[in-house]
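Content type PDB, C-alpha atoms, from the file input.pdb:
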ATOM      1  CA  MET A 832      28.452 155.439  28.526  1.00  0.00           C
ATOM      2  CA  THR A 833      31.770 154.379  30.018  1.00  0.00           C
ATOM      3  CA  PHE A 834      34.325 152.164  28.409  1.00  0.00           C
ATOM      4  CA  GLN A 835      37.201 150.221  29.839  1.00  0.00           C
ATOM      5  CA  VAL A 836      40.382 149.284  28.007  1.00  0.00           C
ATOM      6  CA  ASN A 837      42.526 146.516  29.452  1.00  0.00           C
ATOM      7  CA  PRO A 838      45.973 145.285  28.518  1.00  0.00           C
ATOM      8  CA  PHE A 839      45.805 141.584  27.636  1.00  0.00           C
ATOM      9  CA  ILE A 840      48.897 139.396  27.858  1.00  0.00           C
ATOM     10  CA  MET A 841      48.635 136.225  25.764  1.00  0.00           C
ATOM     11  CA  LEU A 842      51.220 133.545  26.529  1.00  0.00           C
ATOM     12  CA  ASP A 843      51.938 130.018  25.342  1.00  0.00           C
ATOM     13  CA  GLY A 844      51.501 127.717  28.317  1.00  0.00           C
ATOM     14  CA  ASN A 845      53.125 129.747  31.091  1.00  0.00           C
ATOM     15  CA  ALA A 846      50.286 132.079  32.123  1.00  0.00           C
ATOM     16  CA  LYS A 847      50.106 130.551  35.631  1.00  0.00           C
ATOM     17  CA  GLU A 848      53.792 131.298  36.110  1.00  0.00           C
ATOM     18  CA  ALA A 849      53.293 134.855  34.840  1.00  0.00           C
ATOM     19  CA  ILE A 850      50.329 135.389  37.178  1.00  0.00           C
ATOM     20  CA  ARG A 851      52.423 134.311  40.178  1.00  0.00           C
ATOM     21  CA  PHE A 852      55.214 136.606  38.968  1.00  0.00           C
ATOM     22  CA  TYR A 853      52.853 139.614  38.724  1.00  0.00           C
ATOM     23  CA  GLU A 854      51.361 138.819  42.134  1.00  0.00           C
ATOM     24  CA  THR A 855      54.846 139.042  43.620  1.00  0.00           C
ATOM     25  CA  SER A 856      56.380 141.805  41.517  1.00  0.00           C
ATOM     26  CA  LEU A 857      53.388 144.145  41.090  1.00  0.00           C
ATOM     27  CA  ASP A 858      51.187 143.320  44.115  1.00  0.00           C
ATOM     28  CA  ALA A 859      48.573 141.986  41.691  1.00  0.00           C
ATOM     29  CA  LYS A 860      45.456 140.379  43.138  1.00  0.00           C
ATOM     30  CA  VAL A 861      43.822 137.578  41.159  1.00  0.00           C
ATOM     31  CA  VAL A 862      40.165 138.493  40.731  1.00  0.00           C
ATOM     32  CA  PHE A 863      39.254 135.652  38.353  1.00  0.00           C
ATOM     33  CA  THR A 864      40.940 132.701  36.724  1.00  0.00           C
ATOM     34  CA  GLN A 865      39.639 129.805  34.632  1.00  0.00           C
ATOM     35  CA  THR A 866      41.454 127.046  32.795  1.00  0.00           C
ATOM     36  CA  PHE A 867      40.340 125.581  29.487  1.00  0.00           C
ATOM     37  CA  GLY A 868      39.449 122.417  31.413  1.00  0.00           C
ATOM     38  CA  GLU A 869      37.106 124.362  33.740  1.00  0.00           C
ATOM     39  CA  ALA A 870      35.163 125.900  30.854  1.00  0.00           C
ATOM     40  CA  PRO A 871      31.826 124.353  29.834  1.00  0.00           C
ATOM     41  CA  GLU A 872      32.314 121.375  27.540  1.00  0.00           C
ATOM     42  CA  ASP A 873      31.575 121.740  23.855  1.00  0.00           C
ATOM     43  CA  PRO A 874      31.299 118.281  22.236  1.00  0.00           C
ATOM     44  CA  ALA A 875      31.940 119.841  18.833  1.00  0.00           C
ATOM     45  CA  HIS A 876      35.267 121.241  20.096  1.00  0.00           C
ATOM     46  CA  PRO A 877      36.682 118.968  22.806  1.00  0.00           C
ATOM     47  CA  VAL A 878      39.601 120.289  24.846  1.00  0.00           C
ATOM     48  CA  PRO A 879      42.687 118.081  24.507  1.00  0.00           C
ATOM     49  CA  ASP A 880      44.228 116.853  27.755  1.00  0.00           C
ATOM     50  CA  GLU A 881      47.371 118.951  27.220  1.00  0.00           C
ATOM     51  CA  ALA A 882      45.240 122.129  27.144  1.00  0.00           C
ATOM     52  CA  LYS A 883      43.027 121.518  30.176  1.00  0.00           C
ATOM     53  CA  ASP A 884      45.447 123.073  32.669  1.00  0.00           C
ATOM     54  CA  ARG A 885      46.180 126.153  30.522  1.00  0.00           C
ATOM     55  CA  VAL A 886      44.679 129.464  31.608  1.00  0.00           C
ATOM     56  CA  ALA A 887      41.764 130.385  29.346  1.00  0.00           C
ATOM     57  CA  HIS A 888      41.246 133.741  31.052  1.00  0.00           C
ATOM     58  CA  SER A 889      42.327 135.589  34.172  1.00  0.00           C
ATOM     59  CA  VAL A 890      41.792 139.037  35.589  1.00  0.00           C
ATOM     60  CA  LEU A 891      44.405 140.607  37.833  1.00  0.00           C
ATOM     61  CA  LYS A 892      43.811 143.798  39.781  1.00  0.00           C
ATOM     62  CA  ILE A 893      46.883 146.043  39.999  1.00  0.00           C
ATOM     63  CA  GLY A 894      46.047 149.213  41.878  1.00  0.00           C
ATOM     64  CA  ASP A 895      42.883 150.526  40.209  1.00  0.00           C
ATOM     65  CA  ALA A 896      43.623 148.816  36.877  1.00  0.00           C
ATOM     66  CA  GLU A 897      42.870 145.368  35.527  1.00  0.00           C
ATOM     67  CA  LEU A 898      45.295 143.200  33.569  1.00  0.00           C
ATOM     68  CA  PHE A 899      44.145 140.142  31.618  1.00  0.00           C
ATOM     69  CA  VAL A 900      46.502 137.160  31.294  1.00  0.00           C
ATOM     70  CA  ALA A 901      45.819 133.922  29.405  1.00  0.00           C
ATOM     71  CA  ASP A 902      47.410 131.100  27.462  1.00  0.00           C
ATOM     72  CA  SER A 903      46.821 130.505  23.788  1.00  0.00           C
ATOM     73  CA  PHE A 904      45.161 127.245  22.811  1.00  0.00           C
ATOM     74  CA  PRO A 905      47.770 124.596  21.902  1.00  0.00           C
ATOM     75  CA  GLY A 906      48.572 124.685  18.210  1.00  0.00           C
ATOM     76  CA  LYS A 907      47.331 128.240  17.740  1.00  0.00           C
ATOM     77  CA  SER A 908      49.965 130.752  16.753  1.00  0.00           C
ATOM     78  CA  ASN A 909      50.951 133.137  19.498  1.00  0.00           C
ATOM     79  CA  SER A 910      52.943 136.218  18.669  1.00  0.00           C
ATOM     80  CA  THR A 911      54.532 137.996  21.601  1.00  0.00           C
ATOM     81  CA  GLY A 912      55.748 141.527  21.927  1.00  0.00           C
ATOM     82  CA  GLY A 913      54.530 143.957  19.335  1.00  0.00           C
ATOM     83  CA  PRO A 914      53.721 147.635  19.696  1.00  0.00           C
ATOM     84  CA  VAL A 915      51.753 147.348  22.957  1.00  0.00           C
ATOM     85  CA  GLN A 916      53.448 148.196  26.231  1.00  0.00           C
ATOM     86  CA  ILE A 917      52.053 148.543  29.737  1.00  0.00           C
ATOM     87  CA  CYS A 918      52.700 151.788  31.595  1.00  0.00           C
ATOM     88  CA  ILE A 919      52.418 151.626  35.377  1.00  0.00           C
ATOM     89  CA  THR A 920      52.125 155.000  37.106  1.00  0.00           C
ATOM     90  CA  THR A 921      53.235 154.956  40.727  1.00  0.00           C
ATOM     91  CA  PRO A 922      52.889 157.581  43.453  1.00  0.00           C
ATOM     92  CA  ASP A 923      56.526 157.437  44.632  1.00  0.00           C
ATOM     93  CA  THR A 924      60.046 156.366  43.688  1.00  0.00           C
ATOM     94  CA  GLU A 925      60.079 153.605  46.323  1.00  0.00           C
ATOM     95  CA  THR A 926      57.206 151.801  44.598  1.00  0.00           C
ATOM     96  CA  SER A 927      58.753 152.413  41.171  1.00  0.00           C
ATOM     97  CA  ASN A 928      62.068 150.944  42.329  1.00  0.00           C
ATOM     98  CA  ARG A 929      60.349 147.896  43.824  1.00  0.00           C
ATOM     99  CA  PHE A 930      58.322 147.184  40.656  1.00  0.00           C
ATOM    100  CA  PHE A 931      61.259 147.845  38.301  1.00  0.00           C
ATOM    101  CA  ASP A 932      63.649 145.643  40.279  1.00  0.00           C
ATOM    102  CA  ALA A 933      61.125 142.801  40.400  1.00  0.00           C
ATOM    103  CA  LEU A 934      60.242 142.971  36.692  1.00  0.00           C
ATOM    104  CA  LYS A 935      63.851 142.978  35.526  1.00  0.00           C
ATOM    105  CA  GLN A 936      64.585 139.641  37.246  1.00  0.00           C
ATOM    106  CA  GLY A 937      65.028 137.287  34.319  1.00  0.00           C
ATOM    107  CA  GLY A 938      64.084 140.101  31.947  1.00  0.00           C
ATOM    108  CA  GLN A 939      65.914 142.923  30.194  1.00  0.00           C
ATOM    109  CA  VAL A 940      66.359 146.568  31.108  1.00  0.00           C
ATOM    110  CA  ILE A 941      65.602 148.790  28.106  1.00  0.00           C
ATOM    111  CA  LEU A 942      66.021 152.117  29.931  1.00  0.00           C
ATOM    112  CA  PRO A 943      67.333 152.107  33.503  1.00  0.00           C
ATOM    113  CA  LEU A 944      65.035 153.599  36.124  1.00  0.00           C
ATOM    114  CA  GLN A 945      66.228 157.177  36.470  1.00  0.00           C
ATOM    115  CA  LYS A 946      65.247 160.766  37.127  1.00  0.00           C
ATOM    116  CA  ILE A 947      64.133 162.370  33.894  1.00  0.00           C
ATOM    117  CA  TYR A 948      62.624 165.757  33.098  1.00  0.00           C
ATOM    118  CA  PHE A 949      59.017 164.496  33.280  1.00  0.00           C
ATOM    119  CA  SER A 950      59.374 162.064  36.202  1.00  0.00           C
ATOM    120  CA  PRO A 951      61.475 161.588  39.328  1.00  0.00           C
ATOM    121  CA  ALA A 952      61.869 157.899  38.368  1.00  0.00           C
ATOM    122  CA  TYR A 953      61.151 156.541  34.889  1.00  0.00           C
ATOM    123  CA  GLY A 954      62.386 153.377  33.221  1.00  0.00           C
ATOM    124  CA  VAL A 955      61.486 150.705  30.700  1.00  0.00           C
ATOM    125  CA  VAL A 956      61.932 146.984  31.288  1.00  0.00           C
ATOM    126  CA  THR A 957      60.921 143.798  29.499  1.00  0.00           C
ATOM    127  CA  ASP A 958      59.943 141.018  31.892  1.00  0.00           C
ATOM    128  CA  PRO A 959      60.859 137.326  31.522  1.00  0.00           C
ATOM    129  CA  PHE A 960      57.657 136.748  29.505  1.00  0.00           C
ATOM    130  CA  GLY A 961      58.537 139.315  26.818  1.00  0.00           C
ATOM    131  CA  VAL A 962      56.109 141.989  28.075  1.00  0.00           C
ATOM    132  CA  THR A 963      57.498 145.526  28.119  1.00  0.00           C
ATOM    133  CA  PHE A 964      56.586 147.787  31.034  1.00  0.00           C
ATOM    134  CA  GLN A 965      57.156 151.512  31.391  1.00  0.00           C
ATOM    135  CA  ILE A 966      57.474 152.510  35.034  1.00  0.00           C
ATOM    136  CA  PHE A 967      56.437 156.145  35.487  1.00  0.00           C
ATOM    137  CA  THR A 968      56.551 157.985  38.833  1.00  0.00           C
ATOM    138  CA  ARG A 969      54.281 160.972  39.366  1.00  0.00           C
ATOM    139  CA  ARG A 970      55.898 164.250  40.359  1.00  0.00           C
ATOM    140  CA  GLN A 971      55.129 165.218  43.926  1.00  0.00           C
ATOM    141  CA  GLY A 972      53.458 168.613  44.402  1.00  0.00           C
TER     142      GLY A 972
END

What would you get if you wrote out this structure as structure tokens?
Amino acid sequence: MTFQVNPFIMLDGNAKEAIRFYETSLDAKVVFTQTFGEAPEDPAHPVPDEAKDRVAHSVLKIGDAELFVADSFPGKSNSTGGPVQICITTPDTETSNRFFDALKQGGQVILPLQKIYFSPAYGVVTDPFGVTFQIFTRRQG
């Protein structure tokens, strides 16, 4: 039996913006997206108008991996950050530089992208949505 583990980014009303950001910065491809308003209606739990345009679920394909991005339901607590980070392994320093530079726009560099003993280019950056990414470049050869 195979299992799949996916990072899931939960935001508070700006998931569409984050999806566009990841499409541009990480070459993400949107595989699926659905708003709360597009979900089947449940008369016992009607969706308020202010929630209908929020992303209930989305799947982004980044390389061979999937990333889930969604908005919380209005009024539900949403804690960001925490101990989970996303590590992106790239095949070369050019790709690492491109991803790192894109993610740091409006974000915060935790560890500048640099050559380190285990990688030709490794860095840590928090994007504008509070998600921390480790950029790891494989050694060649």

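Minimum atom-to-atom distances from A:Pro877, A:Pro838, A:Gly954, A:Gly961 to Leu891 of chain A were compared using all atoms listed in the file, and the lowest value belongs to A:Pro838.
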
Written as a PyMOL selection string, what is the full residue list that the PyMOL selection byres ((chain A and resi 927) around 10) yields on the file shown? chain A and resi 857+919-926+928-933+944+951-954+965-969

Give one line per residue of segment 869-896 of chain A that approaches segment 849-853 of chain A to at most 12 Å, naming the two atoms of the closest pair and their distance in Å to one decimal, counting all atoms listed in the file; sort by chain then ascending residue number and deliver it as JSON lines.
{"residue": "A:Val886", "atom": "CA", "partner": "A:Ile850", "partner_atom": "CA", "distance": 9.9}
{"residue": "A:His888", "atom": "CA", "partner": "A:Ile850", "partner_atom": "CA", "distance": 11.1}
{"residue": "A:Ser889", "atom": "CA", "partner": "A:Ile850", "partner_atom": "CA", "distance": 8.6}
{"residue": "A:Val890", "atom": "CA", "partner": "A:Ile850", "partner_atom": "CA", "distance": 9.4}
{"residue": "A:Leu891", "atom": "CA", "partner": "A:Ile850", "partner_atom": "CA", "distance": 7.9}
{"residue": "A:Lys892", "atom": "CA", "partner": "A:Tyr853", "partner_atom": "CA", "distance": 10.0}
{"residue": "A:Ile893", "atom": "CA", "partner": "A:Tyr853", "partner_atom": "CA", "distance": 8.9}

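Once the PyMOL selection byres ((chain A and resi 884) around 7) is applied to the depicted file, the selected set reads Thr866, Phe867, Gly868, Ala882, Lys883, Arg885 and Val886 of chain A.
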
Mind writing the picked residues with C-alpha atoms as an mmCIF file, in the coordinates of the input?
data_model
loop_
_atom_site.group_PDB
_atom_site.id
_atom_site.type_symbol
_atom_site.label_atom_id
_atom_site.label_comp_id
_atom_site.auth_asym_id
_atom_site.auth_seq_id
_atom_site.Cartn_x
_atom_site.Cartn_y
_atom_site.Cartn_z
ATOM 1 C CA THR A 866 41.454 127.046 32.795
ATOM 2 C CA PHE A 867 40.340 125.581 29.487
ATOM 3 C CA GLY A 868 39.449 122.417 31.413
ATOM 4 C CA ALA A 882 45.240 122.129 27.144
ATOM 5 C CA LYS A 883 43.027 121.518 30.176
ATOM 6 C CA ARG A 885 46.180 126.153 30.522
ATOM 7 C CA VAL A 886 44.679 129.464 31.608
#

Could you list the residues chosen by the PyMOL selection byres ((chain A and resi 839) around 12) in this structure as a list in words? Val836, Asn837, Pro838, Ile840, Met841, Leu842, Ala846, His888, Ser889, Val890, Leu891, Ala896, Glu897, Leu898, Phe899, Val900, Ala901, Asp902, Ser903, Thr911, Gly912, Val915, Gln916, Ile917 and Val962 of chain A

Would you put the residues from that selection into a file with C-alpha atoms, as a compact mmCIF listing (two decimals), in the frame of the given file?
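Saved as selection-v1.txt:
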# COMPACT_ATOMS: atom_id res chain seq x y z
CA VAL A 836 40.38 149.28 28.01
CA ASN A 837 42.53 146.52 29.45
CA PRO A 838 45.97 145.28 28.52
CA ILE A 840 48.90 139.40 27.86
CA MET A 841 48.64 136.22 25.76
CA LEU A 842 51.22 133.54 26.53
CA ALA A 846 50.29 132.08 32.12
CA HIS A 888 41.25 133.74 31.05
CA SER A 889 42.33 135.59 34.17
CA VAL A 890 41.79 139.04 35.59
CA LEU A 891 44.40 140.61 37.83
CA ALA A 896 43.62 148.82 36.88
CA GLU A 897 42.87 145.37 35.53
CA LEU A 898 45.30 143.20 33.57
CA PHE A 899 44.14 140.14 31.62
CA VAL A 900 46.50 137.16 31.29
CA ALA A 901 45.82 133.92 29.40
CA ASP A 902 47.41 131.10 27.46
CA SER A 903 46.82 130.50 23.79
CA THR A 911 54.53 138.00 21.60
CA GLY A 912 55.75 141.53 21.93
CA VAL A 915 51.75 147.35 22.96
CA GLN A 916 53.45 148.20 26.23
CA ILE A 917 52.05 148.54 29.74
CA VAL A 962 56.11 141.99 28.08

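Between atom CA of Asp895 of chain A and atom CA of Gln939 of chain A the separation is 26.2 Å.
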
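For the residues A:Gln865, A:Thr855, A:Gln971, A:Thr957, ranking by smallest atom-to-atom distance to Pro943 of chain A using only C-alpha atoms places A:Thr957 first.
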
As an exercise, work out the distance from atom CA of Gln835 of chain A to atom CA of Pro959 of chain A in Å and give it to one decimal place. 27.0 Å

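A straight line drawn from atom CA of Val940 of chain A to atom CA of Ala887 of chain A is 29.5 Å long.
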
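Using only C-alpha atoms, the smallest distance between any of A:Thr864, A:Lys935, A:Phe964, A:Asp858 and Cys918 of chain A comes from A:Phe964.
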
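In this comparison, which uses all atoms listed in the file, the residue of A:Tyr948, A:Gln936, A:Lys847, A:His876 approaching Val861 of chain A most closely is A:Lys847.
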
Nearest to Asp958 of chain A among A:Val878, A:Val862, A:Ile941, A:Ala870, with distances taken over all atoms listed in the file: which residue is it? A:Ile941
